[in-house]
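> One structure follows; several queries about it will come next.
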Amino acid sequence: MALEAGVMSITLEYAKDLKDGDWFGKQDPYCIIRVGGQTFRTRTATDGGRNPVWNQTFQFNVINENDVELDIKDEDVGRDDHIGSATFSLAKAREAGTDRINVPVLSKKSRKQHGFIAVALSWAPNKNLRPAAAAHQPYMTMPAPYMMPPSGHHMPYMAPTPYMQPYYAAPPPSAPPAGCFPPPMQYYAAPPAAPHYPAVPMAHK
């Protein structure tokens with residue numbers, strides 16, 4: 001059965017027993033998390049050493065993605081050292097709604113496990129968001145019949161639909177455009193009235 005799209009909340013809680021490449025002091029781990037084309041970065045756990053704590057939650061829009069990639073690095077001046085990487089699946093969380101897992105962390109070269117990352121998952125399918133989205137629908141879903149035009153306009157117009165914008169004829173301007181020659185027909189002066197002559201009685205023969 002195909003899984004529905006939605007929003008996956010992924011919380012990176014902490015890591016335990018990571019590989020430590022620093023000879024002096026403690027390493028400062030941070031984690032980069034990727035789902036499809038979406039990438040986030042945790043804050044740096046200063047002096048976190050082998051057991052850093054982040055407790056950060058990131059939200060991903062998920063459609064067909066089912067795999068998560070993690071890269072753990074040590075923040076240093078210049079170049080950050082790679083501590084390890086991990087991958088896990090979202091399938092169980094998408095089916096059950098929640099999941100908690102300890103994801104093994106593997107070293108880059110030897111691919112041996114050095115500790116794990118504790119991860120919590122929470123799933124919200126899109127069907128839970130549809131009623132709210134429908135409440136903000138700005139347009140009618142069916143074409144409307146012709147309606148009476150607004151006051152001052154001379155042509156009927158169609159009410160707005162998802163496929164067209166309202167259109168109606170603009171009223172004629174109050175004066176002809178400057179420099180217009182010859183002027184439009186509506187601007188010609190009315191013809192002069194015919195002269196009026198008084199009636200002259202005719203002589204009777």
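By convention in this document, the chains of the structure tokens carry letters A, B, ... by their order, each chain's residues are numbered from 1, and ligands are numbered from 1 in the order they are shown.
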Excluding Ala118 of chain A and any residue of its chain fewer than 6 positions from it, enumerate the residues within 12 Å of it, using only C-alpha atoms, and give them as JSON, numbers by chain.
{"A": [10, 11, 12, 13, 14, 15, 16, 17, 51, 52, 53, 54, 55, 56, 70, 86, 88, 99, 100, 101, 102, 103, 104, 105]}
> Write a file of the selected residues as a CSV table (one decimal), in the first residue's frame, keeping N, CA and C atoms.

```csv
chain,number,residue,atom,x,y,z
A,10,ILE,N,11.7,14.9,13.2
A,10,ILE,CA,12.8,14.1,13.6
A,10,ILE,C,13.6,14.8,14.7
A,11,THR,N,13.7,14.2,15.9
A,11,THR,CA,14.4,14.7,17.0
A,11,THR,C,15.7,14.0,17.2
A,12,LEU,N,16.9,14.7,17.0
A,12,LEU,CA,18.2,14.1,17.3
A,12,LEU,C,18.5,14.4,18.8
A,13,GLU,N,18.4,13.4,19.7
A,13,GLU,CA,18.4,13.6,21.1
A,13,GLU,C,19.9,13.6,21.6
A,14,TYR,N,20.6,12.6,21.4
A,14,TYR,CA,22.0,12.5,21.8
A,14,TYR,C,22.8,11.4,21.1
A,15,ALA,N,24.1,11.4,21.3
A,15,ALA,CA,24.9,10.3,20.8
A,15,ALA,C,25.7,9.7,21.9
A,16,LYS,N,26.1,8.5,21.8
A,16,LYS,CA,26.8,7.8,22.9
A,16,LYS,C,27.9,7.0,22.3
A,17,ASP,N,29.1,7.1,22.9
A,17,ASP,CA,30.3,6.3,22.6
A,17,ASP,C,30.8,6.5,21.2
A,51,ASN,N,30.0,11.8,23.9
A,51,ASN,CA,28.6,11.7,24.3
A,51,ASN,C,27.9,13.0,24.2
A,52,PRO,N,27.8,13.6,23.0
A,52,PRO,CA,27.2,14.9,22.8
A,52,PRO,C,25.6,14.8,23.0
A,53,VAL,N,25.0,15.9,23.4
A,53,VAL,CA,23.6,16.0,23.5
A,53,VAL,C,23.1,17.2,22.7
A,54,TRP,N,22.1,17.0,21.8
A,54,TRP,CA,21.5,18.1,21.0
A,54,TRP,C,20.1,18.4,21.3
A,55,ASN,N,19.2,17.4,21.4
A,55,ASN,CA,17.8,17.5,21.7
A,55,ASN,C,17.2,18.6,20.7
A,56,GLN,N,17.4,18.4,19.4
A,56,GLN,CA,16.9,19.3,18.4
A,56,GLN,C,15.9,18.6,17.5
A,70,LEU,N,22.7,10.7,8.1
A,70,LEU,CA,23.3,11.5,9.1
A,70,LEU,C,24.8,11.5,9.0
A,86,ALA,N,25.5,7.7,9.6
A,86,ALA,CA,24.4,6.7,9.9
A,86,ALA,C,23.3,6.9,9.0
A,88,PHE,N,18.9,5.6,8.5
A,88,PHE,CA,17.8,4.8,9.0
A,88,PHE,C,16.5,5.1,8.2
A,99,ASP,N,8.1,6.7,16.4
A,99,ASP,CA,9.1,5.6,16.4
A,99,ASP,C,10.3,6.2,17.3
A,100,ARG,N,11.0,5.3,17.9
A,100,ARG,CA,12.2,5.7,18.7
A,100,ARG,C,13.3,4.6,18.3
A,101,ILE,N,14.4,5.1,17.9
A,101,ILE,CA,15.5,4.1,17.5
A,101,ILE,C,16.9,4.6,18.0
A,102,ASN,N,17.8,3.7,18.2
A,102,ASN,CA,19.2,4.0,18.4
A,102,ASN,C,19.9,3.6,17.1
A,103,VAL,N,20.4,4.6,16.4
A,103,VAL,CA,20.9,4.4,15.1
A,103,VAL,C,22.4,4.2,15.2
A,104,PRO,N,23.0,3.0,14.7
A,104,PRO,CA,24.4,2.8,14.7
A,104,PRO,C,25.2,3.8,13.9
A,105,VAL,N,26.3,4.3,14.5
A,105,VAL,CA,27.2,5.3,13.8
A,105,VAL,C,28.4,4.5,13.3
```
> Find the spatial neighbours of Glu4 of chain A, counting only C-alpha atoms, within a cut-off of 12 Å - ignore same-chain residues fewer than 3 positions away - and output them as a list of chain:residue names.
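Within the cut-off, the hits are A:Met1, A:Val7, A:Met8, A:Asn61, A:Val62, A:Ile63, A:Asn64, A:Glu65, A:Asn66, A:Ala91, A:Arg94, A:Glu95, A:Gly97, A:Trp123, A:Ala124, A:Pro125, A:Asn126, A:Lys127, A:Asn128.
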> Can you list, as a PyMOL selection string, every protein, DNA or RNA residue that comes within 12 Å of Gly25 of chain A when you count only C-alpha atoms, leaving out same-chain residues fewer than 4 positions away?
chain A and resi 20-21+46-50+76
> Assign secondary structure with DSSP using the backbone only, and return the residues of segment 10-81 of chain A in strand (DSSP E or B) as JSON, numbers by chain.
{"A": [10, 11, 12, 13, 14, 15, 16, 29, 30, 31, 32, 33, 34, 35, 38, 39, 40, 41, 53, 54, 55, 56, 57, 58, 59, 60, 61, 62, 67, 68, 69, 70, 71, 72, 73, 74, 81]}
> List as a list in words the protein and nucleic acid residues near Arg34 of chain A, meaning an atom at most 7 Å away when only C-alpha atoms are counted, but skip any in the same chain fewer than 4 places from it.
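Everything that qualifies: Gln38, Thr39, Phe40, Val68, Glu69 and Leu70 of chain A.
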> For the residues selected in the previous step, produce a file with N, CA, C and O atoms as an mmCIF file, in the first residue's frame.

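Saved as selection-v5.cif:
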```
data_model
loop_
_atom_site.group_PDB
_atom_site.id
_atom_site.type_symbol
_atom_site.label_atom_id
_atom_site.label_comp_id
_atom_site.auth_asym_id
_atom_site.auth_seq_id
_atom_site.Cartn_x
_atom_site.Cartn_y
_atom_site.Cartn_z
ATOM 1 N N GLN A 38 16.340 17.953 1.301
ATOM 2 C CA GLN A 38 16.254 18.844 2.464
ATOM 3 C C GLN A 38 17.380 18.513 3.454
ATOM 4 O O GLN A 38 17.563 17.358 3.820
ATOM 5 N N THR A 39 18.096 19.545 3.900
ATOM 6 C CA THR A 39 19.253 19.359 4.776
ATOM 7 C C THR A 39 19.195 20.343 5.935
ATOM 8 O O THR A 39 18.892 21.521 5.737
ATOM 9 N N PHE A 40 19.482 19.847 7.145
ATOM 10 C CA PHE A 40 19.555 20.684 8.335
ATOM 11 C C PHE A 40 20.828 20.353 9.112
ATOM 12 O O PHE A 40 21.419 19.282 8.937
ATOM 13 N N VAL A 68 16.840 8.381 5.765
ATOM 14 C CA VAL A 68 17.474 9.545 6.386
ATOM 15 C C VAL A 68 18.978 9.285 6.449
ATOM 16 O O VAL A 68 19.419 8.188 6.801
ATOM 17 N N GLU A 69 19.771 10.311 6.109
ATOM 18 C CA GLU A 69 21.231 10.217 6.181
ATOM 19 C C GLU A 69 21.741 11.181 7.244
ATOM 20 O O GLU A 69 21.304 12.332 7.308
ATOM 21 N N LEU A 70 22.662 10.704 8.075
ATOM 22 C CA LEU A 70 23.273 11.516 9.124
ATOM 23 C C LEU A 70 24.788 11.524 8.950
ATOM 24 O O LEU A 70 25.391 10.485 8.677
#
```
> Return the single residue from A:Thr98, A:Thr57, A:Ser122, A:Thr87 that is closest to Thr42 of chain A, with distances computed using only C-alpha atoms.
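Using only C-alpha atoms, Thr42 of chain A sits closest to A:Thr57.
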> Which is closest to Asp28 of chain A among A:Glu75, A:Ala5, A:Lys109, A:Ser89, if we use only C-alpha atoms?
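Checking each of A:Glu75, A:Ala5, A:Lys109, A:Ser89 against Asp28 of chain A, counting only C-alpha atoms, the winner is A:Glu75.
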> When you count only C-alpha atoms, which of these residues is closest to Gln113 of chain A: A:Ile83, A:Cys31, A:Gly78, A:Leu90?
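Checking each of A:Ile83, A:Cys31, A:Gly78, A:Leu90 against Gln113 of chain A, counting only C-alpha atoms, the winner is A:Ile83.
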> Work out how far apart atom CA of Ala120 of chain A and atom CA of Ala96 of chain A are and give it in Å to one decimal.
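Distance reported for this atom pair: 12.8 Å.
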> To one decimal place, how far is atom CA of Gln59 of chain A from atom CA of Lys112 of chain A in Å?
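Pair atom CA of Gln59 of chain A / atom CA of Lys112 of chain A returns 29.5 Å.
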